[in-house]
$ cat protein30.cif   # mmCIF, C-alpha atoms
data_work
loop_
_atom_site.label_atom_id
_atom_site.label_comp_id
_atom_site.auth_asym_id
_atom_site.auth_seq_id
_atom_site.Cartn_x
_atom_site.Cartn_y
_atom_site.Cartn_z
CA MET A 289 -14.12 1.25 -22.11
CA GLY A 290 -10.64 1.99 -23.46
CA LYS A 291 -7.31 1.39 -21.80
CA ILE A 292 -5.91 4.30 -19.76
CA LYS A 293 -2.79 5.74 -21.31
CA GLU A 294 0.32 5.16 -19.22
CA ASN A 295 1.33 8.83 -19.39
CA SER A 296 -2.14 10.31 -18.84
CA THR A 297 -2.46 12.89 -16.09
CA ASN A 298 -4.94 10.70 -14.23
CA ASN A 299 -2.58 7.72 -14.31
CA ILE A 300 0.41 9.83 -13.23
CA ASN A 301 -1.63 11.26 -10.34
CA LYS A 302 -2.64 7.72 -9.26
CA LYS A 303 1.02 6.66 -9.18
CA TYR A 304 1.97 9.73 -7.14
CA ILE A 305 -0.84 9.13 -4.66
CA GLN A 306 0.24 5.51 -4.19
CA GLU A 307 3.85 6.60 -3.53
CA CYS A 308 3.11 9.52 -1.17
CA ASP A 309 1.85 8.20 2.18
CA LEU A 310 0.16 11.47 3.14
CA SER A 311 -1.73 11.77 -0.15
CA TYR A 312 -2.66 8.10 0.04
CA ALA A 313 -4.09 8.52 3.56
CA VAL A 314 -6.03 11.67 2.65
CA CYS A 315 -7.54 9.91 -0.37
CA LYS A 316 -8.83 7.09 1.85
CA ILE A 317 -10.67 9.41 4.26
CA GLY A 318 -11.13 12.52 2.11
CA GLY A 319 -14.33 13.88 0.69
CA ARG A 320 -17.37 15.46 2.18
CA TRP A 321 -18.78 12.50 4.11
CA LYS A 322 -16.17 9.89 5.03
CA LEU A 323 -14.77 11.52 8.16
CA LEU A 324 -18.27 12.35 9.35
CA ILE A 325 -19.31 8.71 8.94
CA LEU A 326 -16.18 7.43 10.67
CA ASN A 327 -16.66 9.92 13.50
CA ARG A 328 -20.24 8.78 14.07
CA LEU A 329 -19.04 5.17 14.34
CA LYS A 330 -16.30 5.90 16.90
CA ASP A 331 -18.51 5.02 19.89
CA GLY A 332 -19.54 1.61 18.56
CA LYS A 333 -21.76 -0.26 16.14
CA LEU A 334 -24.62 1.53 14.43
CA ARG A 335 -27.30 0.48 12.02
CA PHE A 336 -27.61 2.17 8.63
CA SER A 337 -30.60 4.26 9.71
CA GLU A 338 -28.81 5.40 12.86
CA VAL A 339 -25.80 6.60 10.86
CA ARG A 340 -28.11 8.35 8.39
CA ASP A 341 -30.02 10.09 11.17
CA LEU A 342 -26.78 11.33 12.77
CA ILE A 343 -25.51 13.00 9.58
CA CYS A 344 -27.56 15.96 8.46
CA GLY A 345 -27.95 16.31 4.70
CA ILE A 346 -26.63 12.95 3.53
CA THR A 347 -28.84 10.96 1.18
CA GLU A 348 -29.36 7.23 1.56
CA ARG A 349 -27.67 6.66 -1.78
CA MET A 350 -24.60 8.69 -0.81
CA LEU A 351 -24.39 7.00 2.58
CA THR A 352 -24.56 3.59 0.90
CA LEU A 353 -21.81 4.53 -1.57
CA GLN A 354 -19.55 5.96 1.13
CA LEU A 355 -20.05 2.98 3.46
CA ARG A 356 -19.20 0.61 0.60
CA GLU A 357 -16.00 2.54 -0.14
CA LEU A 358 -15.03 2.62 3.54
CA GLU A 359 -15.69 -1.13 3.78
CA LYS A 360 -13.65 -1.79 0.65
CA GLU A 361 -10.77 0.24 2.11
CA GLY A 362 -10.89 -1.80 5.34
CA LEU A 363 -11.99 1.11 7.52
CA VAL A 364 -15.54 -0.05 8.26
CA LYS A 365 -16.76 -3.54 9.07
CA ARG A 366 -20.25 -4.49 7.89
CA THR A 367 -22.05 -7.27 9.76
CA VAL A 368 -25.26 -8.78 8.40
CA HIS A 369 -27.40 -10.57 10.99
CA ALA A 370 -29.59 -13.43 9.81
CA GLU A 371 -32.87 -12.00 11.08
CA VAL A 372 -36.18 -11.07 9.58
CA PRO A 373 -36.10 -8.26 8.68
CA PRO A 374 -32.34 -8.35 8.05
CA ARG A 375 -30.23 -6.21 10.35
CA VAL A 376 -26.92 -4.70 9.26
CA ASP A 377 -24.44 -3.12 11.65
CA TYR A 378 -21.47 -0.94 10.81
CA GLU A 379 -18.43 -0.42 13.00
CA LEU A 380 -14.88 0.86 12.76
CA THR A 381 -12.08 -1.60 12.10
CA ASP A 382 -8.95 -1.55 14.26
CA ILE A 383 -7.00 0.39 11.63
CA ALA A 384 -9.77 3.02 11.49
CA ARG A 385 -9.75 3.34 15.30
CA GLU A 386 -6.13 4.44 15.03
CA LEU A 387 -7.42 7.53 13.20
CA ILE A 388 -9.58 8.77 16.10
CA PRO A 389 -6.88 10.87 17.83
CA ILE A 390 -5.78 12.18 14.44
CA TRP A 391 -9.20 13.42 13.39
CA GLU A 392 -9.81 14.82 16.88
CA GLU A 393 -6.64 16.93 16.47
CA LEU A 394 -7.75 17.86 12.95
CA GLU A 395 -11.10 18.96 14.39
CA LYS A 396 -9.33 21.20 16.91
CA TRP A 397 -7.22 22.67 14.14
CA GLY A 398 -10.34 23.28 12.02
CA ASN A 399 -12.02 25.12 14.87
CA LYS A 400 -8.92 27.24 15.48
CA HIS A 401 -8.51 28.00 11.77
CA ARG A 402 -12.18 28.91 11.34
CA ASP A 403 -11.96 31.35 14.26
CA LEU A 404 -8.77 32.82 12.83
CA VAL A 405 -10.19 33.29 9.35
CA GLN A 406 -13.73 34.29 10.25
CA GLY A 407 -12.64 36.72 12.98
CA PRO A 408 -11.11 39.22 10.52
CA MET A 409 -13.95 38.67 8.04
CA ALA A 410 -16.59 39.40 10.66
CA GLU A 411 -14.71 42.54 11.76
CA ALA A 412 -14.38 43.74 8.14
CA GLU A 413 -18.15 43.37 7.59
CA ASN A 414 -18.97 45.58 10.59
#
$ encode --input "protein30.cif" --output "structure tokens"
Amino acid sequence: MGKIKENSTNNINKKYIQECDLSYAVCKIGGRWKLLILNRLKDGKLRFSEVRDLICGITERMLTLQLRELEKEGLVKRTVHAEVPPRVDYELTDIARELIPIWEELEKWGNKHRDLVQGPMAEAEN
């Protein structure tokens, strides 16, 4: 694969994201599944199948990819137990636990915003 040009849009965006703390943080937990996975792990360790069963619509492949990314970013700790069959647990790291009150506030905001936006839409349809 070729070298990325220094002035390419993708490269410029990467630099901006690294410099802006808010964008950096959102990139670490953004996407469709990451916050859902983190939220499911807030009460303690879970096995892969338990996480999968708690998140409706996620495929095993997507869950695997997202857990790997979260582990790489230091937000999820993966523990492999030397048993037969092997058992793998996932849990939040300390830095990820700091996010719990933040995503709980974000959840409240989402609920409030949904009610605000869907209220007028529902009235307009009637």
$ residues_around --input "protein30.cif" --residues "A:Lys365" --least-positions-apart "4" --cutoff "12 Å" --atoms "all atoms listed in the file" --output "list in words"
Leu326, Leu329, Gly332, Lys333, Leu334, Arg335, Leu355, Arg356, Glu357, Leu358, Glu359, Lys360, Glu361, Val376, Asp377, Tyr378, Glu379, Leu380, Thr381, Asp382, Ile383, Ala384 and Arg385 of chain A
$ closest_residue --input "protein30.cif" --among "A:Glu338, A:Trp391, A:Gln306, A:Leu353" --to "A:Leu324" --atoms "all atoms listed in the file"
A:Trp391
$ closest_residue --input "protein30.cif" --among "A:Arg349, A:Glu392, A:Leu387, A:Glu371" --to "A:Ala313" --atoms "all atoms listed in the file"
A:Leu387
$ closest_residue --input "protein30.cif" --among "A:Cys344, A:Asp331, A:Gln354, A:Arg402" --to "A:Gly318" --atoms "all atoms listed in the file"
A:Gln354
$ atom_distance --input "protein30.cif" --atom1 "atom CA of A:Gly345" --atom2 "atom CA of A:Arg320"
10.9 Å
$ closest_residue --input "protein30.cif" --among "A:Ile346, A:Leu323, A:Cys308, A:Val314" --to "A:Glu395" --atoms "all atoms listed in the file"
A:Leu323
